[in-house]
Amino acid sequence: MKTNDTRRTFIKVGASTLFFGSLFGTGLYFTPKLNAQKTLLRPPGALNEKDFLSTCIKCGQCVQVCPYHTLSLLDIKSGNSVGTPYVDARERGCYLCDLLPCVLACPSGSLNHDVIEASQVEMGIALLKNPNKCLALLNQEVTQEDIASILTHSNKNEREEKVLKDVQSYVGKPCTICADLCPYPQKENAIAMVQNQQGQWYPQVRSECVGCGVCEELCPVQGEAAIVIIPRAKYSEVYE
Ligand code: SF4
Ligand code: SF4
Ligand code: SF4
């Protein structure tokens, strides 16, 4: 859903959004304060990394119950993190299922059982890291070629099939995929399409984004997504 947002303006993301008009088209792009590669994206409810690593018993229960096949276990190359669950958002985000079954299934409390709904999740924060790739800013419609790699994502059940069907429905239309398909219950508090001062549409990340990674997964550009998750980051750290 597009919102012509002139009132919310660009107070918190002022620097990055105001730059879009001038940097966009020059080959330059916004560099995030935090490096998305440094920290792993963990499942909903994960304790801080130190406590998570010391309590996770590597049982894989969370992986098994996830209906979206979002979670994987780290392999031997990951040192002492081997066997712990993580999210590769570009492959499959977390769809913030009702009752967070992964959290419920965790027998060790590494996924905090006090986290029972989406609004309590703090996986990270989305960031329009590559505005020069964003189809909305480029004013380009989504093509079948754009979504080809997303259509190869897991589709083993009805929920997963629906995700891919939803993405398919954007072919031939302007891209608002990240804002529309965000699974956060009050999604307009997490992300919305707005116009910058040059009249270009772009996805504005808002303070209730929980970093679930679905926007990164479904962003229909080649290679790294235009919008990515900064794991473990808080909104204030990225946007203030
Ligand atoms: S909330 Fe649902 S989609 Fe997300 S990791 Fe847990 S089980 Fe999977
Ligand atoms: S899904 Fe990606 S390309 Fe589409 S509007 Fe969002 S950031 Fe831009
Ligand atoms: S904006 Fe992206 S990361 Fe944030 S809640 Fe929505 S889909 Fe998840």
# chains A, B, ... in the order shown; residues from 1 in each chain; ligands from 1

$ closest_atom_pairs --of "chain A" --to "ligand 2" --cutoff "7 Å" --atoms "only C-alpha atoms and all ligand atoms" --output "Markdown table"
| residue | atom | partner | partner_atom_place_in_ligand_line | distance |
| --- | --- | --- | --- | --- |
| A:Leu128 | CA | ligand 2 | 7 (S) | 6.3 |
| A:Lys133 | CA | ligand 2 | 3 (S) | 6.6 |
| A:Cys134 | CA | ligand 2 | 8 (Fe) | 3.6 |
| A:Leu135 | CA | ligand 2 | 3 (S) | 4.1 |
| A:Ala136 | CA | ligand 2 | 5 (S) | 4.7 |
| A:Leu137 | CA | ligand 2 | 8 (Fe) | 6.8 |
| A:Cys175 | CA | ligand 2 | 4 (Fe) | 4.4 |
| A:Thr176 | CA | ligand 2 | 5 (S) | 4.6 |
| A:Ile177 | CA | ligand 2 | 1 (S) | 4.5 |
| A:Cys178 | CA | ligand 2 | 1 (S) | 4.2 |
| A:Ala179 | CA | ligand 2 | 6 (Fe) | 6.5 |
| A:Tyr202 | CA | ligand 2 | 5 (S) | 6.0 |
| A:Pro203 | CA | ligand 2 | 6 (Fe) | 5.7 |
| A:Cys215 | CA | ligand 2 | 1 (S) | 6.2 |
| A:Leu218 | CA | ligand 2 | 1 (S) | 6.3 |
| A:Cys219 | CA | ligand 2 | 1 (S) | 3.7 |
| A:Pro220 | CA | ligand 2 | 3 (S) | 5.7 |
| A:Val221 | CA | ligand 2 | 3 (S) | 6.2 |
| A:Ala225 | CA | ligand 2 | 2 (Fe) | 6.5 |
| A:Ala226 | CA | ligand 2 | 7 (S) | 4.8 |
| A:Ile227 | CA | ligand 2 | 7 (S) | 4.8 |

$ write_last_selection --atoms "N, CA and C atoms" --output "PDB file, in the first residue's frame"
ATOM      1  N   LEU A 128      17.358   0.056   3.716  1.00  0.00           N
ATOM      2  CA  LEU A 128      17.465   0.158   2.260  1.00  0.00           C
ATOM      3  C   LEU A 128      18.935   0.435   1.926  1.00  0.00           C
ATOM      4  N   LYS A 133      19.452  -0.043  -6.434  1.00  0.00           N
ATOM      5  CA  LYS A 133      18.882  -1.244  -7.049  1.00  0.00           C
ATOM      6  C   LYS A 133      17.372  -1.314  -6.874  1.00  0.00           C
ATOM      7  N   CYS A 134      16.814  -0.457  -6.040  1.00  0.00           N
ATOM      8  CA  CYS A 134      15.384  -0.548  -5.700  1.00  0.00           C
ATOM      9  C   CYS A 134      14.519  -0.206  -6.916  1.00  0.00           C
ATOM     10  N   LEU A 135      13.675  -1.149  -7.322  1.00  0.00           N
ATOM     11  CA  LEU A 135      12.840  -0.949  -8.519  1.00  0.00           C
ATOM     12  C   LEU A 135      11.870   0.207  -8.330  1.00  0.00           C
ATOM     13  N   ALA A 136      11.431   0.443  -7.111  1.00  0.00           N
ATOM     14  CA  ALA A 136      10.518   1.565  -6.863  1.00  0.00           C
ATOM     15  C   ALA A 136      11.230   2.879  -7.133  1.00  0.00           C
ATOM     16  N   LEU A 137      12.440   3.026  -6.610  1.00  0.00           N
ATOM     17  CA  LEU A 137      13.207   4.256  -6.862  1.00  0.00           C
ATOM     18  C   LEU A 137      13.588   4.390  -8.331  1.00  0.00           C
ATOM     19  N   CYS A 175       6.939  -1.960  -8.026  1.00  0.00           N
ATOM     20  CA  CYS A 175       7.340  -2.788  -6.894  1.00  0.00           C
ATOM     21  C   CYS A 175       6.991  -2.119  -5.561  1.00  0.00           C
ATOM     22  N   THR A 176       6.137  -2.809  -4.832  1.00  0.00           N
ATOM     23  CA  THR A 176       5.838  -2.419  -3.448  1.00  0.00           C
ATOM     24  C   THR A 176       5.886  -3.695  -2.597  1.00  0.00           C
ATOM     25  N   ILE A 177       6.642  -4.672  -3.083  1.00  0.00           N
ATOM     26  CA  ILE A 177       6.641  -6.010  -2.484  1.00  0.00           C
ATOM     27  C   ILE A 177       7.051  -5.969  -1.015  1.00  0.00           C
ATOM     28  N   CYS A 178       8.133  -5.263  -0.707  1.00  0.00           N
ATOM     29  CA  CYS A 178       8.626  -5.293   0.671  1.00  0.00           C
ATOM     30  C   CYS A 178       7.591  -4.728   1.637  1.00  0.00           C
ATOM     31  N   ALA A 179       6.956  -3.645   1.232  1.00  0.00           N
ATOM     32  CA  ALA A 179       5.977  -3.017   2.134  1.00  0.00           C
ATOM     33  C   ALA A 179       4.692  -3.842   2.217  1.00  0.00           C
ATOM     34  N   TYR A 202       9.795   5.053  -2.394  1.00  0.00           N
ATOM     35  CA  TYR A 202      10.784   4.142  -1.799  1.00  0.00           C
ATOM     36  C   TYR A 202      10.190   3.562  -0.517  1.00  0.00           C
ATOM     37  N   PRO A 203      10.697   2.403  -0.054  1.00  0.00           N
ATOM     38  CA  PRO A 203      10.196   1.822   1.192  1.00  0.00           C
ATOM     39  C   PRO A 203      10.857   2.492   2.392  1.00  0.00           C
ATOM     40  N   CYS A 215      11.259  -8.955   3.852  1.00  0.00           N
ATOM     41  CA  CYS A 215      11.478  -7.945   2.806  1.00  0.00           C
ATOM     42  C   CYS A 215      12.770  -8.251   2.039  1.00  0.00           C
ATOM     43  N   LEU A 218      12.230 -11.311  -0.375  1.00  0.00           N
ATOM     44  CA  LEU A 218      11.344 -11.150  -1.530  1.00  0.00           C
ATOM     45  C   LEU A 218      11.694  -9.958  -2.428  1.00  0.00           C
ATOM     46  N   CYS A 219      12.722  -9.223  -2.084  1.00  0.00           N
ATOM     47  CA  CYS A 219      13.125  -8.062  -2.909  1.00  0.00           C
ATOM     48  C   CYS A 219      13.603  -8.568  -4.272  1.00  0.00           C
ATOM     49  N   PRO A 220      12.913  -8.185  -5.354  1.00  0.00           N
ATOM     50  CA  PRO A 220      13.151  -8.829  -6.645  1.00  0.00           C
ATOM     51  C   PRO A 220      14.291  -8.217  -7.459  1.00  0.00           C
ATOM     52  N   VAL A 221      15.466  -8.166  -6.870  1.00  0.00           N
ATOM     53  CA  VAL A 221      16.620  -7.680  -7.624  1.00  0.00           C
ATOM     54  C   VAL A 221      17.686  -8.764  -7.617  1.00  0.00           C
ATOM     55  N   ALA A 225      19.968  -7.971  -1.984  1.00  0.00           N
ATOM     56  CA  ALA A 225      18.703  -7.234  -2.065  1.00  0.00           C
ATOM     57  C   ALA A 225      18.933  -5.739  -1.904  1.00  0.00           C
ATOM     58  N   ALA A 226      17.966  -4.963  -2.395  1.00  0.00           N
ATOM     59  CA  ALA A 226      18.026  -3.516  -2.149  1.00  0.00           C
ATOM     60  C   ALA A 226      17.835  -3.248  -0.660  1.00  0.00           C
ATOM     61  N   ILE A 227      16.951  -4.045  -0.042  1.00  0.00           N
ATOM     62  CA  ILE A 227      16.670  -3.875   1.384  1.00  0.00           C
ATOM     63  C   ILE A 227      17.209  -5.089   2.131  1.00  0.00           C
TER      64      ILE A 227
END

$ residues_near_ligand --ligand "ligand 3" --cutoff "7 Å" --atoms "only C-alpha atoms and all ligand atoms" --output "ChimeraX atom specification"
/A:125-126,178-179,181-184,187,190-191,205,209-216,229

$ write_last_selection --atoms "N, CA and C atoms" --output "mmCIF file, in the first residue's frame"
data_model
loop_
_atom_site.group_PDB
_atom_site.id
_atom_site.type_symbol
_atom_site.label_atom_id
_atom_site.label_comp_id
_atom_site.auth_asym_id
_atom_site.auth_seq_id
_atom_site.Cartn_x
_atom_site.Cartn_y
_atom_site.Cartn_z
ATOM 1 N N ILE A 125 16.948 -5.043 12.176
ATOM 2 C CA ILE A 125 16.244 -3.912 11.548
ATOM 3 C C ILE A 125 16.540 -3.910 10.049
ATOM 4 N N ALA A 126 15.509 -3.634 9.265
ATOM 5 C CA ALA A 126 15.698 -3.546 7.817
ATOM 6 C C ALA A 126 16.306 -2.195 7.441
ATOM 7 N N CYS A 178 8.133 -5.263 -0.707
ATOM 8 C CA CYS A 178 8.626 -5.293 0.671
ATOM 9 C C CYS A 178 7.591 -4.728 1.637
ATOM 10 N N ALA A 179 6.956 -3.645 1.232
ATOM 11 C CA ALA A 179 5.977 -3.017 2.134
ATOM 12 C C ALA A 179 4.692 -3.842 2.217
ATOM 13 N N LEU A 181 4.216 -7.189 1.571
ATOM 14 C CA LEU A 181 4.305 -8.568 2.044
ATOM 15 C C LEU A 181 5.018 -8.704 3.393
ATOM 16 N N CYS A 182 5.338 -7.600 4.001
ATOM 17 C CA CYS A 182 5.873 -7.622 5.375
ATOM 18 C C CYS A 182 4.863 -8.358 6.267
ATOM 19 N N PRO A 183 5.293 -9.383 6.996
ATOM 20 C CA PRO A 183 4.326 -10.177 7.779
ATOM 21 C C PRO A 183 4.008 -9.592 9.151
ATOM 22 N N TYR A 184 4.604 -8.471 9.487
ATOM 23 C CA TYR A 184 4.338 -7.877 10.799
ATOM 24 C C TYR A 184 2.857 -7.489 10.870
ATOM 25 N N LYS A 187 1.709 -3.791 9.766
ATOM 26 C CA LYS A 187 2.870 -3.603 8.896
ATOM 27 C C LYS A 187 3.186 -2.140 8.604
ATOM 28 N N ALA A 190 5.895 -0.879 10.491
ATOM 29 C CA ALA A 190 7.208 -1.479 10.233
ATOM 30 C C ALA A 190 7.813 -0.972 8.928
ATOM 31 N N ILE A 191 6.957 -0.762 7.931
ATOM 32 C CA ILE A 191 7.466 -0.333 6.617
ATOM 33 C C ILE A 191 6.300 0.211 5.792
ATOM 34 N N VAL A 205 11.504 2.311 6.239
ATOM 35 C CA VAL A 205 11.462 1.403 7.392
ATOM 36 C C VAL A 205 11.070 2.206 8.627
ATOM 37 N N CYS A 209 9.676 -2.265 12.939
ATOM 38 C CA CYS A 209 10.309 -3.355 12.184
ATOM 39 C C CYS A 209 11.043 -4.266 13.156
ATOM 40 N N VAL A 210 10.858 -5.579 13.001
ATOM 41 C CA VAL A 210 11.499 -6.524 13.919
ATOM 42 C C VAL A 210 12.643 -7.301 13.261
ATOM 43 N N GLY A 211 12.922 -6.991 11.987
ATOM 44 C CA GLY A 211 14.049 -7.644 11.330
ATOM 45 C C GLY A 211 13.787 -9.076 10.927
ATOM 46 N N CYS A 212 12.544 -9.388 10.591
ATOM 47 C CA CYS A 212 12.194 -10.775 10.266
ATOM 48 C C CYS A 212 12.832 -11.268 8.967
ATOM 49 N N GLY A 213 13.190 -10.337 8.090
ATOM 50 C CA GLY A 213 13.912 -10.723 6.879
ATOM 51 C C GLY A 213 13.060 -11.001 5.656
ATOM 52 N N VAL A 214 11.742 -10.926 5.782
ATOM 53 C CA VAL A 214 10.897 -11.238 4.625
ATOM 54 C C VAL A 214 11.096 -10.213 3.504
ATOM 55 N N CYS A 215 11.259 -8.955 3.852
ATOM 56 C CA CYS A 215 11.478 -7.945 2.806
ATOM 57 C C CYS A 215 12.770 -8.251 2.039
ATOM 58 N N GLU A 216 13.801 -8.675 2.759
ATOM 59 C CA GLU A 216 15.063 -9.025 2.081
ATOM 60 C C GLU A 216 14.865 -10.238 1.183
ATOM 61 N N ILE A 229 18.673 -6.877 6.104
ATOM 62 C CA ILE A 229 18.500 -6.832 7.555
ATOM 63 C C ILE A 229 19.850 -6.621 8.233
#

$ closest_atom_pairs --of "chain A" --to "ligand 1" --cutoff "6 Å" --atoms "only C-alpha atoms and all ligand atoms" --output "tab-separated table"
residue	atom	partner	partner_atom_place_in_ligand_line	distance
A:Pro43	CA	ligand 1	5 (S)	5.4
A:Cys66	CA	ligand 1	7 (S)	3.6
A:Pro67	CA	ligand 1	7 (S)	5.9
A:Tyr68	CA	ligand 1	3 (S)	5.2
A:Thr70	CA	ligand 1	8 (Fe)	5.2
A:Leu71	CA	ligand 1	5 (S)	6.0
A:Cys94	CA	ligand 1	4 (Fe)	3.7
A:Tyr95	CA	ligand 1	3 (S)	4.2
A:Leu96	CA	ligand 1	1 (S)	4.0
A:Cys97	CA	ligand 1	2 (Fe)	4.1
A:Leu100	CA	ligand 1	1 (S)	4.3
A:Pro101	CA	ligand 1	7 (S)	4.8
A:Cys102	CA	ligand 1	6 (Fe)	4.2

$ select_by_dssp --residues "segment 25-104 of chain A" --states "strand (DSSP E or B)" --output "short mmCIF file (atom, residue, chain, number, x, y, z; two decimals) with N, CA and C atoms, in the first residue's frame"
data_model
loop_
_atom_site.label_atom_id
_atom_site.label_comp_id
_atom_site.auth_asym_id
_atom_site.auth_seq_id
_atom_site.Cartn_x
_atom_site.Cartn_y
_atom_site.Cartn_z
N ALA A 46 15.59 -15.14 20.28
CA ALA A 46 16.94 -15.57 20.66
C ALA A 46 17.51 -14.64 21.73
N LEU A 71 14.61 -21.79 9.14
CA LEU A 71 15.80 -21.97 9.98
C LEU A 71 16.70 -23.09 9.46
N SER A 72 18.01 -22.85 9.60
CA SER A 72 19.01 -23.88 9.30
C SER A 72 19.98 -23.93 10.46
N LEU A 73 20.72 -25.02 10.54
CA LEU A 73 21.74 -25.14 11.58
C LEU A 73 23.11 -24.85 10.97
N PRO A 85 20.88 -22.55 15.35
CA PRO A 85 20.01 -22.14 14.25
C PRO A 85 20.22 -20.69 13.83
N TYR A 86 20.05 -20.43 12.54
CA TYR A 86 20.16 -19.07 12.02
C TYR A 86 19.20 -18.92 10.85
N VAL A 87 19.05 -17.68 10.42
CA VAL A 87 18.18 -17.35 9.29
C VAL A 87 19.03 -16.76 8.18
#

$ closest_residue --among "A:Glu240, A:Glu122, A:Glu117, A:Glu158" --to "Pro185 of chain A" --atoms "only C-alpha atoms"
A:Glu117

$ atom_distance --atom1 "atom CA of Val142 of chain A" --atom2 "atom CA of Glu224 of chain A"
16.5 Å

$ atom_distance --atom1 "atom CA of Val167 of chain A" --atom2 "atom CA of Ala148 of chain A"
10.1 Å

$ select_by_dssp --residues "segment 80-187 of chain A" --states "helix (DSSP H, G or I)" --output "ChimeraX atom specification"
/A:80-81,101-105,118-120,131-133,135-138,144-147,150-152,158-168,177-181,187

$ write_last_selection --atoms "N, CA and C atoms" --output "CSV table (one decimal), in the first residue's frame"
chain,number,residue,atom,x,y,z
A,80,ASN,N,32.5,-22.6,17.2
A,80,ASN,CA,31.7,-23.0,18.3
A,80,ASN,C,30.2,-22.7,18.1
A,81,SER,N,29.9,-22.1,17.0
A,81,SER,CA,28.5,-21.8,16.7
A,81,SER,C,27.8,-23.0,16.0
A,101,PRO,N,5.9,-20.8,16.9
A,101,PRO,CA,6.2,-22.2,17.2
A,101,PRO,C,7.6,-22.6,17.4
A,102,CYS,N,8.5,-21.9,16.8
A,102,CYS,CA,10.0,-22.2,17.0
A,102,CYS,C,10.3,-21.9,18.5
A,103,VAL,N,9.8,-20.8,19.0
A,103,VAL,CA,10.1,-20.4,20.4
A,103,VAL,C,9.5,-21.4,21.3
A,104,LEU,N,8.3,-21.8,21.1
A,104,LEU,CA,7.6,-22.8,21.9
A,104,LEU,C,8.3,-24.1,21.9
A,105,ALA,N,8.9,-24.5,20.8
A,105,ALA,CA,9.6,-25.8,20.7
A,105,ALA,C,10.9,-25.8,21.4
A,118,ALA,N,4.6,-11.3,17.7
A,118,ALA,CA,5.5,-10.6,16.8
A,118,ALA,C,6.1,-9.3,17.3
A,119,SER,N,5.2,-8.5,18.1
A,119,SER,CA,5.7,-7.2,18.5
A,119,SER,C,6.8,-7.3,19.5
A,120,GLN,N,7.1,-8.5,20.1
A,120,GLN,CA,8.2,-8.7,21.0
A,120,GLN,C,9.5,-9.1,20.4
A,131,PRO,N,19.8,1.5,-2.4
A,131,PRO,CA,18.7,2.2,-3.1
A,131,PRO,C,18.9,2.3,-4.6
A,132,ASN,N,20.1,2.2,-5.0
A,132,ASN,CA,20.3,2.3,-6.5
A,132,ASN,C,19.8,1.0,-7.2
A,133,LYS,N,19.5,0.0,-6.4
A,133,LYS,CA,18.9,-1.2,-7.0
A,133,LYS,C,17.4,-1.3,-6.9
A,135,LEU,N,13.7,-1.1,-7.3
A,135,LEU,CA,12.8,-0.9,-8.5
A,135,LEU,C,11.9,0.2,-8.3
A,136,ALA,N,11.4,0.4,-7.1
A,136,ALA,CA,10.5,1.6,-6.9
A,136,ALA,C,11.2,2.9,-7.1
A,137,LEU,N,12.4,3.0,-6.6
A,137,LEU,CA,13.2,4.3,-6.9
A,137,LEU,C,13.6,4.4,-8.3
A,138,LEU,N,13.8,3.3,-9.0
A,138,LEU,CA,14.1,3.3,-10.4
A,138,LEU,C,12.9,3.5,-11.3
A,144,GLN,N,9.1,-10.8,-14.9
A,144,GLN,CA,9.2,-12.2,-14.6
A,144,GLN,C,10.7,-12.6,-14.3
A,145,GLU,N,11.6,-12.0,-15.0
A,145,GLU,CA,13.0,-12.3,-14.8
A,145,GLU,C,13.4,-11.8,-13.4
A,146,ASP,N,12.9,-10.7,-13.0
A,146,ASP,CA,13.3,-10.2,-11.7
A,146,ASP,C,12.9,-11.2,-10.6
A,147,ILE,N,11.8,-11.9,-10.7
A,147,ILE,CA,11.4,-12.7,-9.6
A,147,ILE,C,11.8,-14.2,-9.8
A,150,ILE,N,13.5,-15.9,-6.9
A,150,ILE,CA,12.6,-16.0,-5.7
A,150,ILE,C,11.7,-17.2,-5.9
A,151,LEU,N,11.2,-17.4,-7.1
A,151,LEU,CA,10.3,-18.5,-7.3
A,151,LEU,C,10.9,-19.9,-7.1
A,152,THR,N,12.2,-19.9,-6.9
A,152,THR,CA,12.9,-21.2,-6.6
A,152,THR,C,12.9,-21.5,-5.1
A,158,GLU,N,1.2,-25.2,1.6
A,158,GLU,CA,0.3,-24.1,1.2
A,158,GLU,C,0.8,-22.7,1.6
A,159,ARG,N,1.3,-22.6,2.8
A,159,ARG,CA,1.8,-21.3,3.2
A,159,ARG,C,2.9,-20.8,2.3
A,160,GLU,N,3.8,-21.7,2.0
A,160,GLU,CA,5.0,-21.4,1.2
A,160,GLU,C,4.5,-21.1,-0.2
A,161,GLU,N,3.6,-21.8,-0.7
A,161,GLU,CA,3.1,-21.6,-2.1
A,161,GLU,C,2.4,-20.2,-2.2
A,162,LYS,N,1.7,-19.8,-1.1
A,162,LYS,CA,1.1,-18.5,-1.1
A,162,LYS,C,2.1,-17.4,-1.2
A,163,VAL,N,3.2,-17.5,-0.5
A,163,VAL,CA,4.2,-16.5,-0.6
A,163,VAL,C,4.7,-16.3,-2.1
A,164,LEU,N,4.9,-17.4,-2.7
A,164,LEU,CA,5.4,-17.3,-4.1
A,164,LEU,C,4.3,-16.8,-5.1
A,165,LYS,N,3.1,-17.2,-4.8
A,165,LYS,CA,2.0,-16.7,-5.6
A,165,LYS,C,1.8,-15.2,-5.4
A,166,ASP,N,2.0,-14.7,-4.2
A,166,ASP,CA,1.9,-13.3,-3.9
A,166,ASP,C,2.9,-12.5,-4.7
A,167,VAL,N,4.2,-13.1,-4.7
A,167,VAL,CA,5.2,-12.4,-5.4
A,167,VAL,C,4.9,-12.4,-6.9
A,168,GLN,N,4.4,-13.5,-7.4
A,168,GLN,CA,4.1,-13.6,-8.8
A,168,GLN,C,3.1,-12.5,-9.3
A,177,ILE,N,6.6,-4.7,-3.1
A,177,ILE,CA,6.6,-6.0,-2.5
A,177,ILE,C,7.1,-6.0,-1.0
A,178,CYS,N,8.1,-5.3,-0.7
A,178,CYS,CA,8.6,-5.3,0.7
A,178,CYS,C,7.6,-4.7,1.6
A,179,ALA,N,7.0,-3.6,1.2
A,179,ALA,CA,6.0,-3.0,2.1
A,179,ALA,C,4.7,-3.8,2.2
A,180,ASP,N,4.3,-4.4,1.1
A,180,ASP,CA,3.0,-5.1,1.1
A,180,ASP,C,3.1,-6.5,1.8
A,181,LEU,N,4.2,-7.2,1.6
A,181,LEU,CA,4.3,-8.6,2.0
A,181,LEU,C,5.0,-8.7,3.4
A,187,LYS,N,1.7,-3.8,9.8
A,187,LYS,CA,2.9,-3.6,8.9
A,187,LYS,C,3.2,-2.1,8.6

$ closest_residue --among "A:Ile57, A:Cys106, A:Pro231, A:His69" --to "Lys156 of chain A" --atoms "only C-alpha atoms"
A:His69

$ closest_residue --among "A:Asp98, A:Ser110, A:Gly223, A:Gln204" --to "Tyr239 of chain A" --atoms "only C-alpha atoms"
A:Gln204
